[in-house]
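Peer 1: I have a structure I would like to understand better, so I am pasting it below and will then ask my questions one at a time.
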Amino acid sequence: MSVFDEPPLRNDLRGRTPYGAPQLDVAVRLNTNENPYQLPDAVGDSVAKTLHGLLRDLNRYPDRDALALREDLATYLDCGLSSANVWAANGSNEVQQQLLQAFGGPGRTAMGFSPSYSMHPLLAMGTGTRWLESRRNANFELTREHAMAQVRVYQPDVVFLCSPNNPTGGSIGLDVIEAVAAEAPGMVIVDEAYAEFARSGSRSALALVPRYPRLVVTRTMSKAFAFAGVRVGYMAAHPAVVEAVQLVRLPYHLSSLAQAAARAALPHAPALLAQVEAIKDQRDRIVAALRELGLIVPDSDANFVLFGQFKDQTSVWQALLDHGVLVRDVGLSGWLRVTAGTPEETDTFLSAMGDLPHGA
Ligand SMILES: Cc1ncc(COP(=O)(O)O)c(C=O)c1O
């Protein structure tokens, strides 16, 4: 391509590569924290019936405000919030992007505590929000004192707290979240994409929403609800925050098919959450088995497990791939992340791990 053919890309995007894990055709894919189970038949039937009934109306735009879906999501959350507190979009990524469009942007800053979900800084970049990277401690924990001090010093317009944290797995204590919410001058986004997988005793930040009008909790149907392909994420926040994101959302951003599919699936939450329990069993099994192998494995409240430390995690990643198992190299030196799958997938992963040279 000659220089004349190059599109006039923004300077800050030049030379960058798009986000995304390799989508390889491997027997056991444990690299994107998907739910390994297909929708149960009863859920699939409800979704299919609902979508079929909609087909003739596809000439019409969807409900721009997704009101019925937001009501159903508020009912699912069951924490005293109403549809005025809930907003939905194409995945929680889009919700977070809309939040940054409304509350970040040029001249504003967003802070995160790494290692954490790598999309947060990318969403900041895409919206022209300057990213301030702070760090967790050596055990990947975030202490109240550290988080508060960073927020006090840097005064970010937006703070991201990921709980349970991707890729490390642990939750952030509610006392830490509350302290940050009290200290922060701007918005605090608690990314709870994996909340349904938390171990008992871990508490959601949803309880803080009525008391902190600048605190937002984002959730998703991609993980616990096995709905990643549909793209429905949502947030719970003060109604004024919901009104603010409506200033930046695209008209009709959430298709009628996605809205209807989500509404058809939500009444089946108990059946879907039963699958979550099965996944949590595999997660706990992986944690225990990898520790038995002498590896370091942080506690996990999610559907994945971080494990290390390796001299060279890329060679372990490749060795697992050679055994037909795809895990994620999240770019954290010495560590890999594996998603909890079905019992059979876990068997294959653990047996491959057992075959690796000790301390690989
Ligand atoms: C921490 C975290 N937040 C958000 C998301 C995005 O989920 P969604 O499919 O709702 O966009 C993911 C996906 O892996 C995630 O790990």
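By order in the structure tokens, chains are A, B, ...; within a chain, residues start at 1; ligands start at 1, following the order shown.
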How would you report the residues lying within 8 Å of ligand 1, as a ChimeraX atom specification, if you count only C-alpha atoms and all ligand atoms?
Peer 2: /A:32-34,90-94,116-117,119,162-167,191-194,218-223,228,231-234
Peer 1: What is the distance, in Å and to one decimal place, between CA of Ser256 (chain A) and CA of Phe225 (chain A)?
Peer 2: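 Taking CA of Ser256 (chain A) and CA of Phe225 (chain A), their separation equals 18.5 Å.
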Peer 1: When you look at region 286-298 of chain A with a cut-off of 6 Å (counting only C-alpha atoms), what residues show up, excluding the ones that are within fewer than 6 positions of it in the same chain? I need them as a PyMOL selection string.
Peer 2: chain A and resi 306-308
Peer 1: Store the residues picked out above in a file with N, CA and C atoms, as a JSON list (two decimals), in the first residue's frame.
Peer 2:
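As a result, part.json now contains:
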```json
[["chain", "number", "residue", "atom", "x", "y", "z"],
["A", 306, "LEU", "N", -6.35, -18.18, 37.69],
["A", 306, "LEU", "CA", -5.00, -17.75, 37.28],
["A", 306, "LEU", "C", -4.01, -18.72, 37.92],
["A", 307, "PHE", "N", -3.01, -19.13, 37.17],
["A", 307, "PHE", "CA", -2.06, -20.08, 37.75],
["A", 307, "PHE", "C", -0.66, -19.80, 37.24],
["A", 308, "GLY", "N", 0.32, -20.03, 38.11],
["A", 308, "GLY", "CA", 1.72, -19.80, 37.78],
["A", 308, "GLY", "C", 2.55, -20.38, 38.92]]
```
Peer 1: Can you pull out every residue within 10 Å of region 108-115 of chain A, counting only C-alpha atoms, but drop anything in the same chain fewer than 3 positions away, and send it as a short mmCIF file (atom, residue, chain, number, x, y, z; two decimals) with C-alpha atoms, in the first residue's frame?
Peer 2:
```
data_model
loop_
_atom_site.label_atom_id
_atom_site.label_comp_id
_atom_site.auth_asym_id
_atom_site.auth_seq_id
_atom_site.Cartn_x
_atom_site.Cartn_y
_atom_site.Cartn_z
CA LEU A 100 -16.81 6.67 29.43
CA PHE A 103 -18.27 10.75 32.09
CA GLY A 104 -14.78 10.44 30.57
CA GLY A 105 -13.56 11.77 27.25
CA SER A 118 -7.57 -5.20 29.59
CA HIS A 120 -10.93 -0.97 30.47
CA PRO A 121 -7.85 0.94 29.24
CA LEU A 123 -12.28 1.65 26.14
CA ALA A 124 -10.63 4.67 27.73
CA MET A 125 -8.36 5.07 24.72
CA GLY A 128 -10.18 9.80 24.36
CA THR A 129 -10.03 9.36 28.13
CA ARG A 130 -6.52 9.47 29.62
CA TRP A 131 -5.76 6.17 31.39
CA LEU A 132 -4.14 6.22 34.83
CA GLU A 133 -2.77 2.83 35.71
CA SER A 134 -2.35 1.94 39.35
CA ARG A 135 -1.35 -1.48 40.60
CA ARG A 136 -2.59 -4.18 42.93
CA ASN A 137 -0.15 -5.64 45.49
CA PHE A 140 -3.03 -9.22 43.30
CA GLU A 141 -5.09 -7.75 46.12
CA LEU A 142 -6.37 -4.20 46.33
CA ALA A 147 -6.98 2.42 46.54
CA GLN A 150 -4.39 6.62 44.60
CA VAL A 151 -7.82 8.16 44.16
CA TYR A 154 -4.87 11.49 41.11
CA GLN A 155 -8.54 12.57 41.41
CA PRO A 156 -9.68 10.46 38.44
CA ASP A 157 -12.98 11.29 36.74
CA VAL A 158 -13.75 7.57 36.48
CA VAL A 159 -12.46 4.64 38.60
CA PHE A 160 -12.75 1.04 37.43
CA LEU A 161 -12.91 -1.67 40.09
CA CYS A 162 -13.22 -5.18 38.69
CA ASN A 165 -11.19 -9.39 39.01
CA ASN A 166 -10.24 -10.64 35.57
CA PRO A 167 -7.63 -12.17 35.21
CA THR A 168 -6.69 -12.77 38.85
CA GLY A 186 -16.19 11.23 39.91
CA MET A 187 -17.77 7.98 38.80
CA VAL A 188 -16.86 4.55 40.20
CA ILE A 189 -17.61 1.62 37.92
CA VAL A 330 -3.08 -12.61 29.45
CA GLY A 331 0.33 -11.01 29.04
CA LEU A 332 1.16 -11.32 32.72
#
```
Peer 1: Skipping near chain neighbours, those fewer than 5 positions away, what residues fall within 8 Å of Leu254 (chain A) using only C-alpha atoms, listed as an MDAnalysis selection string?
Peer 2: chainID A and resid 62 64 66 88:90 259
Peer 1: Just want the 12 Å neighbourhood of Asn59 (chain A), counted on only C-alpha atoms, with same-chain residues fewer than 3 positions away dropped. Output as a list in words.
Peer 2: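 The residues that qualify are Leu54, Leu55, Arg56, Pro62, Ser255, Ser256 and Leu257 of chain A.
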Peer 1: Can I get the selected residues back with C-alpha atoms, as an mmCIF file, in the first residue's frame?
Peer 2:
```cif
data_model
loop_
_atom_site.group_PDB
_atom_site.id
_atom_site.type_symbol
_atom_site.label_atom_id
_atom_site.label_comp_id
_atom_site.auth_asym_id
_atom_site.auth_seq_id
_atom_site.Cartn_x
_atom_site.Cartn_y
_atom_site.Cartn_z
ATOM 1 C CA LEU A 54 -41.124 -11.378 16.545
ATOM 2 C CA LEU A 55 -40.050 -12.121 12.992
ATOM 3 C CA ARG A 56 -42.903 -10.285 11.286
ATOM 4 C CA PRO A 62 -36.714 -1.890 18.663
ATOM 5 C CA SER A 255 -31.738 -5.074 18.654
ATOM 6 C CA SER A 256 -35.272 -6.307 19.219
ATOM 7 C CA LEU A 257 -33.929 -9.855 18.821
#
```
Peer 1: Would you work out the distance separating CA of His323 (chain A) from CA of Arg283 (chain A), expressed in Å to one decimal?
Peer 2: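 Between these atoms lies a distance of 20.0 Å.
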Peer 1: Let's see if you can do this: from backbone DSSP, list all helix (DSSP H, G or I) residues in region 42-220 of chain A, as a short mmCIF file (atom, residue, chain, number, x, y, z; two decimals) with N, CA, C and O atoms, in the first residue's frame.
Peer 2:
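Contents of the output file selection37.cif:
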```cif
data_model
loop_
_atom_site.label_atom_id
_atom_site.label_comp_id
_atom_site.auth_asym_id
_atom_site.auth_seq_id
_atom_site.Cartn_x
_atom_site.Cartn_y
_atom_site.Cartn_z
N ALA A 42 -35.13 -26.15 27.65
CA ALA A 42 -36.30 -25.34 28.00
C ALA A 42 -36.04 -23.86 27.70
O ALA A 42 -36.93 -23.14 27.23
N VAL A 43 -34.82 -23.41 27.94
CA VAL A 43 -34.48 -22.00 27.68
C VAL A 43 -34.42 -21.76 26.17
O VAL A 43 -34.99 -20.80 25.64
N GLY A 44 -33.75 -22.69 25.48
CA GLY A 44 -33.65 -22.56 24.02
C GLY A 44 -35.04 -22.52 23.38
O GLY A 44 -35.30 -21.72 22.48
N ASP A 45 -35.95 -23.36 23.88
CA ASP A 45 -37.31 -23.40 23.32
C ASP A 45 -38.02 -22.07 23.56
O ASP A 45 -38.68 -21.55 22.67
N SER A 46 -37.89 -21.53 24.77
CA SER A 46 -38.55 -20.24 25.07
C SER A 46 -38.00 -19.14 24.17
O SER A 46 -38.75 -18.33 23.64
N VAL A 47 -36.67 -19.13 24.01
CA VAL A 47 -36.05 -18.10 23.19
C VAL A 47 -36.53 -18.25 21.73
O VAL A 47 -36.95 -17.28 21.09
N ALA A 48 -36.50 -19.48 21.23
CA ALA A 48 -36.88 -19.71 19.82
C ALA A 48 -38.33 -19.29 19.59
O ALA A 48 -38.65 -18.62 18.59
N LYS A 49 -39.21 -19.65 20.53
CA LYS A 49 -40.64 -19.31 20.38
C LYS A 49 -40.81 -17.78 20.37
O LYS A 49 -41.52 -17.22 19.53
N THR A 50 -40.14 -17.13 21.28
CA THR A 50 -40.26 -15.66 21.36
C THR A 50 -39.74 -15.01 20.09
O THR A 50 -40.38 -14.11 19.52
N LEU A 51 -38.58 -15.46 19.63
CA LEU A 51 -37.99 -14.84 18.43
C LEU A 51 -38.86 -15.10 17.21
O LEU A 51 -39.04 -14.23 16.36
N HIS A 52 -39.43 -16.30 17.16
CA HIS A 52 -40.29 -16.62 16.01
C HIS A 52 -41.48 -15.66 15.96
O HIS A 52 -41.84 -15.14 14.91
N GLY A 53 -42.04 -15.39 17.14
CA GLY A 53 -43.19 -14.49 17.21
C GLY A 53 -42.84 -13.06 16.80
O GLY A 53 -43.72 -12.26 16.48
N LEU A 54 -41.57 -12.75 16.83
CA LEU A 54 -41.12 -11.38 16.54
C LEU A 54 -40.83 -11.14 15.07
O LEU A 54 -40.74 -10.00 14.62
N LEU A 55 -40.63 -12.25 14.33
CA LEU A 55 -40.05 -12.12 12.99
C LEU A 55 -40.80 -11.13 12.10
O LEU A 55 -40.19 -10.35 11.37
N ARG A 56 -42.12 -11.16 12.18
CA ARG A 56 -42.90 -10.28 11.29
C ARG A 56 -42.77 -8.81 11.64
O ARG A 56 -43.13 -7.95 10.85
N ASP A 57 -42.28 -8.52 12.84
CA ASP A 57 -42.18 -7.11 13.26
C ASP A 57 -40.77 -6.55 13.07
O ASP A 57 -40.47 -5.46 13.56
N LEU A 67 -37.22 -0.73 27.73
CA LEU A 67 -37.85 -0.60 29.04
C LEU A 67 -38.28 -1.94 29.65
O LEU A 67 -38.04 -2.20 30.84
N ALA A 68 -38.91 -2.79 28.84
CA ALA A 68 -39.39 -4.07 29.39
C ALA A 68 -38.21 -4.91 29.85
O ALA A 68 -38.25 -5.53 30.92
N LEU A 69 -37.15 -4.92 29.05
CA LEU A 69 -35.96 -5.69 29.44
C LEU A 69 -35.38 -5.12 30.74
O LEU A 69 -34.98 -5.88 31.64
N ARG A 70 -35.32 -3.81 30.84
CA ARG A 70 -34.74 -3.20 32.05
C ARG A 70 -35.58 -3.56 33.28
O ARG A 70 -35.05 -3.79 34.37
N GLU A 71 -36.91 -3.63 33.09
CA GLU A 71 -37.76 -4.05 34.21
C GLU A 71 -37.44 -5.48 34.61
O GLU A 71 -37.29 -5.81 35.78
N ASP A 72 -37.29 -6.35 33.61
CA ASP A 72 -36.99 -7.77 33.90
C ASP A 72 -35.62 -7.91 34.58
O ASP A 72 -35.44 -8.75 35.46
N LEU A 73 -34.66 -7.12 34.12
CA LEU A 73 -33.32 -7.19 34.74
C LEU A 73 -33.38 -6.72 36.20
O LEU A 73 -32.75 -7.31 37.08
N ALA A 74 -34.17 -5.66 36.45
CA ALA A 74 -34.31 -5.18 37.83
C ALA A 74 -34.94 -6.27 38.70
O ALA A 74 -34.52 -6.49 39.85
N THR A 75 -35.92 -6.98 38.14
CA THR A 75 -36.54 -8.08 38.89
C THR A 75 -35.51 -9.16 39.17
O THR A 75 -35.42 -9.69 40.28
N TYR A 76 -34.70 -9.49 38.16
CA TYR A 76 -33.67 -10.52 38.37
C TYR A 76 -32.70 -10.10 39.47
O TYR A 76 -32.35 -10.91 40.34
N LEU A 77 -32.30 -8.83 39.47
CA LEU A 77 -31.31 -8.39 40.47
C LEU A 77 -31.88 -8.45 41.89
O LEU A 77 -31.13 -8.69 42.85
N SER A 83 -36.57 -0.28 37.14
CA SER A 83 -36.06 -0.10 35.77
C SER A 83 -35.38 1.26 35.59
O SER A 83 -34.51 1.40 34.75
N ALA A 84 -35.75 2.24 36.40
CA ALA A 84 -35.11 3.56 36.29
C ALA A 84 -33.64 3.49 36.70
O ALA A 84 -32.84 4.36 36.34
N ASN A 85 -33.28 2.45 37.46
CA ASN A 85 -31.89 2.26 37.89
C ASN A 85 -31.08 1.39 36.94
O ASN A 85 -29.88 1.18 37.16
N GLY A 91 -23.72 -6.05 25.49
CA GLY A 91 -22.61 -6.50 26.32
C GLY A 91 -22.25 -5.42 27.32
O GLY A 91 -22.51 -4.22 27.10
N SER A 92 -21.65 -5.84 28.43
CA SER A 92 -21.27 -4.84 29.44
C SER A 92 -20.14 -3.97 28.92
O SER A 92 -19.94 -2.85 29.38
N ASN A 93 -19.40 -4.45 27.92
CA ASN A 93 -18.38 -3.60 27.28
C ASN A 93 -19.01 -2.33 26.72
O ASN A 93 -18.46 -1.25 26.84
N GLU A 94 -20.17 -2.50 26.07
CA GLU A 94 -20.79 -1.30 25.49
C GLU A 94 -21.31 -0.38 26.59
O GLU A 94 -21.24 0.84 26.48
N VAL A 95 -21.83 -0.98 27.67
CA VAL A 95 -22.29 -0.15 28.79
C VAL A 95 -21.11 0.69 29.30
O VAL A 95 -21.22 1.90 29.52
N GLN A 96 -19.96 0.04 29.45
CA GLN A 96 -18.78 0.76 29.97
C GLN A 96 -18.31 1.83 28.99
O GLN A 96 -17.89 2.91 29.38
N GLN A 97 -18.40 1.51 27.71
CA GLN A 97 -18.02 2.51 26.71
C GLN A 97 -18.94 3.73 26.79
O GLN A 97 -18.49 4.87 26.76
N GLN A 98 -20.23 3.47 26.95
CA GLN A 98 -21.19 4.58 27.06
C GLN A 98 -20.90 5.40 28.32
O GLN A 98 -20.99 6.63 28.30
N LEU A 99 -20.52 4.72 29.41
CA LEU A 99 -20.20 5.45 30.65
C LEU A 99 -19.00 6.36 30.43
O LEU A 99 -18.96 7.50 30.89
N LEU A 100 -17.99 5.83 29.69
CA LEU A 100 -16.81 6.67 29.43
C LEU A 100 -17.15 7.80 28.47
O LEU A 100 -16.62 8.91 28.59
N GLN A 101 -18.04 7.54 27.52
CA GLN A 101 -18.45 8.62 26.61
C GLN A 101 -19.13 9.74 27.39
O GLN A 101 -18.95 10.91 27.11
N ALA A 102 -19.91 9.35 28.39
CA ALA A 102 -20.66 10.35 29.14
C ALA A 102 -19.83 11.01 30.25
O ALA A 102 -19.99 12.20 30.52
N PHE A 103 -18.95 10.24 30.89
CA PHE A 103 -18.27 10.75 32.09
C PHE A 103 -16.76 10.87 31.93
O PHE A 103 -16.08 11.40 32.81
N MET A 119 -9.75 -4.60 28.68
CA MET A 119 -10.62 -3.73 27.87
C MET A 119 -10.82 -2.37 28.52
O MET A 119 -11.12 -1.40 27.82
N HIS A 120 -10.67 -2.27 29.84
CA HIS A 120 -10.93 -0.97 30.47
C HIS A 120 -10.01 0.12 29.90
O HIS A 120 -10.51 1.16 29.46
N PRO A 121 -8.68 -0.10 29.86
CA PRO A 121 -7.85 0.94 29.24
C PRO A 121 -8.13 1.13 27.75
O PRO A 121 -8.02 2.24 27.23
N LEU A 122 -8.53 0.05 27.06
CA LEU A 122 -8.82 0.20 25.62
C LEU A 122 -10.08 1.04 25.40
O LEU A 122 -10.15 1.86 24.48
N LEU A 123 -11.07 0.84 26.26
CA LEU A 123 -12.28 1.65 26.14
C LEU A 123 -11.96 3.11 26.45
O LEU A 123 -12.50 4.03 25.83
N ALA A 124 -11.05 3.30 27.41
CA ALA A 124 -10.63 4.67 27.73
C ALA A 124 -9.96 5.29 26.50
O ALA A 124 -10.29 6.41 26.09
N MET A 125 -9.06 4.54 25.89
CA MET A 125 -8.36 5.07 24.72
C MET A 125 -9.35 5.43 23.61
O MET A 125 -9.30 6.50 23.01
N GLY A 126 -10.27 4.51 23.35
CA GLY A 126 -11.22 4.73 22.26
C GLY A 126 -12.09 5.96 22.47
O GLY A 126 -12.55 6.59 21.52
N ARG A 144 -7.66 -1.19 50.87
CA ARG A 144 -8.44 0.03 51.06
C ARG A 144 -7.50 1.24 51.06
O ARG A 144 -7.75 2.23 50.37
N GLU A 145 -6.41 1.14 51.81
CA GLU A 145 -5.50 2.28 51.96
C GLU A 145 -4.91 2.67 50.61
O GLU A 145 -4.85 3.84 50.25
N HIS A 146 -4.45 1.65 49.86
CA HIS A 146 -3.81 1.93 48.58
C HIS A 146 -4.81 2.55 47.60
O HIS A 146 -4.53 3.56 46.94
N ALA A 147 -5.99 1.92 47.51
CA ALA A 147 -6.98 2.42 46.54
C ALA A 147 -7.37 3.85 46.88
O ALA A 147 -7.42 4.73 45.99
N MET A 148 -7.61 4.11 48.16
CA MET A 148 -8.03 5.46 48.56
C MET A 148 -6.92 6.49 48.29
O MET A 148 -7.18 7.59 47.82
N ALA A 149 -5.67 6.08 48.59
CA ALA A 149 -4.55 7.02 48.40
C ALA A 149 -4.41 7.37 46.92
O ALA A 149 -4.21 8.54 46.56
N GLN A 150 -4.53 6.36 46.04
CA GLN A 150 -4.39 6.62 44.60
C GLN A 150 -5.49 7.56 44.11
O GLN A 150 -5.24 8.47 43.33
N VAL A 151 -6.70 7.33 44.58
CA VAL A 151 -7.82 8.16 44.16
C VAL A 151 -7.65 9.58 44.70
O VAL A 151 -7.89 10.57 44.00
N ARG A 152 -7.15 9.67 45.93
CA ARG A 152 -6.97 11.00 46.54
C ARG A 152 -5.91 11.79 45.76
O ARG A 152 -6.09 12.96 45.48
N VAL A 153 -4.83 11.11 45.39
CA VAL A 153 -3.73 11.82 44.72
C VAL A 153 -4.11 12.20 43.28
O VAL A 153 -3.89 13.32 42.85
N TYR A 154 -4.68 11.26 42.55
CA TYR A 154 -4.87 11.49 41.11
C TYR A 154 -6.25 12.05 40.73
O TYR A 154 -6.45 12.48 39.60
N LEU A 174 -16.13 -5.30 49.99
CA LEU A 174 -17.12 -4.23 49.91
C LEU A 174 -16.63 -2.98 50.66
O LEU A 174 -16.97 -1.85 50.28
N ASP A 175 -15.82 -3.19 51.71
CA ASP A 175 -15.30 -2.04 52.45
C ASP A 175 -14.36 -1.20 51.56
O ASP A 175 -14.36 0.03 51.63
N VAL A 176 -13.61 -1.89 50.68
CA VAL A 176 -12.70 -1.18 49.77
C VAL A 176 -13.52 -0.38 48.75
O VAL A 176 -13.26 0.80 48.48
N ILE A 177 -14.53 -1.04 48.21
CA ILE A 177 -15.36 -0.38 47.19
C ILE A 177 -16.06 0.83 47.80
O ILE A 177 -16.10 1.92 47.21
N GLU A 178 -16.56 0.64 49.00
CA GLU A 178 -17.27 1.75 49.65
C GLU A 178 -16.32 2.91 49.95
O GLU A 178 -16.67 4.08 49.75
N ALA A 179 -15.11 2.57 50.36
CA ALA A 179 -14.13 3.63 50.66
C ALA A 179 -13.79 4.41 49.39
O ALA A 179 -13.70 5.65 49.41
N VAL A 180 -13.64 3.70 48.27
CA VAL A 180 -13.33 4.38 47.00
C VAL A 180 -14.53 5.24 46.59
O VAL A 180 -14.37 6.39 46.16
N ALA A 181 -15.73 4.69 46.74
CA ALA A 181 -16.93 5.46 46.36
C ALA A 181 -17.03 6.74 47.19
O ALA A 181 -17.44 7.79 46.68
N ALA A 182 -16.64 6.66 48.45
CA ALA A 182 -16.71 7.85 49.31
C ALA A 182 -15.62 8.86 48.96
O ALA A 182 -15.82 10.07 49.09
N GLU A 183 -14.49 8.35 48.49
CA GLU A 183 -13.33 9.23 48.22
C GLU A 183 -13.34 9.83 46.81
O GLU A 183 -12.88 10.95 46.61
N ALA A 195 -20.04 -11.90 38.80
CA ALA A 195 -20.60 -11.89 40.17
C ALA A 195 -21.29 -13.20 40.54
O ALA A 195 -21.18 -13.66 41.69
N GLU A 196 -21.98 -13.80 39.60
CA GLU A 196 -22.77 -15.00 39.94
C GLU A 196 -21.88 -16.19 40.31
O GLU A 196 -22.37 -17.17 40.87
N PHE A 197 -20.60 -16.10 39.98
CA PHE A 197 -19.69 -17.23 40.27
C PHE A 197 -18.99 -17.07 41.63
O PHE A 197 -18.19 -17.93 42.02
N ALA A 205 -21.56 -5.20 45.03
CA ALA A 205 -21.64 -3.75 45.26
C ALA A 205 -23.03 -3.20 44.95
O ALA A 205 -23.27 -2.01 45.15
N LEU A 206 -23.93 -4.05 44.47
CA LEU A 206 -25.29 -3.58 44.19
C LEU A 206 -25.91 -2.92 45.42
O LEU A 206 -26.66 -1.95 45.31
N ALA A 207 -25.57 -3.46 46.59
CA ALA A 207 -26.15 -2.94 47.83
C ALA A 207 -25.75 -1.48 48.07
O ALA A 207 -26.43 -0.77 48.81
N LEU A 208 -24.65 -1.05 47.43
CA LEU A 208 -24.17 0.33 47.66
C LEU A 208 -24.83 1.34 46.72
O LEU A 208 -24.73 2.55 46.95
#
```
Peer 1: Check region 23-134 of chain A with DSSP on the backbone and list each residue it calls strand (DSSP E), as a PyMOL selection string.
Peer 2: chain A and resi 28-29+86-89+109-114+130-134
Peer 1: Please provide the set of residues having any atom within 10 Å of Glu345 (chain A), restricted to only C-alpha atoms, with same-chain residues fewer than 2 positions apart removed, written as an mmCIF file with C-alpha atoms, in the first residue's frame.
Peer 2:
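The file below, part01.cif, is the result:
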```
data_model
loop_
_atom_site.group_PDB
_atom_site.id
_atom_site.type_symbol
_atom_site.label_atom_id
_atom_site.label_comp_id
_atom_site.auth_asym_id
_atom_site.auth_seq_id
_atom_site.Cartn_x
_atom_site.Cartn_y
_atom_site.Cartn_z
ATOM 1 C CA ALA A 27 -10.955 -29.433 21.083
ATOM 2 C CA VAL A 28 -10.889 -27.833 24.533
ATOM 3 C CA ARG A 29 -11.232 -24.045 24.472
ATOM 4 C CA LEU A 30 -10.743 -22.570 27.920
ATOM 5 C CA PRO A 36 -19.185 -24.204 28.568
ATOM 6 C CA GLN A 282 -14.911 -27.332 38.390
ATOM 7 C CA VAL A 325 -6.164 -27.357 25.330
ATOM 8 C CA THR A 339 -11.598 -21.017 32.227
ATOM 9 C CA ALA A 340 -13.551 -23.600 34.236
ATOM 10 C CA GLY A 341 -15.318 -25.815 31.712
ATOM 11 C CA THR A 342 -17.268 -29.050 31.860
ATOM 12 C CA PRO A 343 -15.938 -31.898 34.047
ATOM 13 C CA ASP A 347 -10.141 -33.657 33.107
ATOM 14 C CA THR A 348 -8.339 -32.976 29.823
ATOM 15 C CA PHE A 349 -6.781 -29.740 31.109
ATOM 16 C CA LEU A 350 -5.620 -31.273 34.405
ATOM 17 C CA SER A 351 -4.252 -34.354 32.723
#
```
Peer 1: Counting only C-alpha atoms, which residues of region 243-308 of chain A sit at most 12 Å from some atom of region 198-203 of chain A, and what is each one's closest atom pair with its distance in Å to one decimal, listed by chain and rising residue number, as CSV?
Peer 2:
```
residue,atom,partner,partner_atom,distance
A:Leu273,CA,A:Ala198,CA,11.9
A:Val276,CA,A:Ala198,CA,9.9
A:Glu277,CA,A:Arg199,CA,10.0
A:Ile279,CA,A:Ala198,CA,11.1
A:Lys280,CA,A:Arg199,CA,8.2
A:Asp281,CA,A:Arg199,CA,10.5
A:Arg283,CA,A:Arg199,CA,10.6
A:Asp284,CA,A:Arg199,CA,9.7
A:Asp299,CA,A:Arg199,CA,9.6
A:Ser300,CA,A:Ala198,CA,7.7
A:Asp301,CA,A:Ala198,CA,4.0
A:Ala302,CA,A:Ala198,CA,5.8
A:Asn303,CA,A:Ala198,CA,8.6
A:Phe304,CA,A:Ala198,CA,11.0
```
Peer 1: Grab the CA of Pro106 (chain A) to CA of Gly15 (chain A) distance for me, in Å with one decimal place.
Peer 2: 20.9 Å
Peer 1: With distances taken over only C-alpha atoms, which residue among A:Leu81, A:Trp335, A:Trp87, A:Gln23 lies nearest Gln246 (chain A)?
Peer 2: A:Trp87
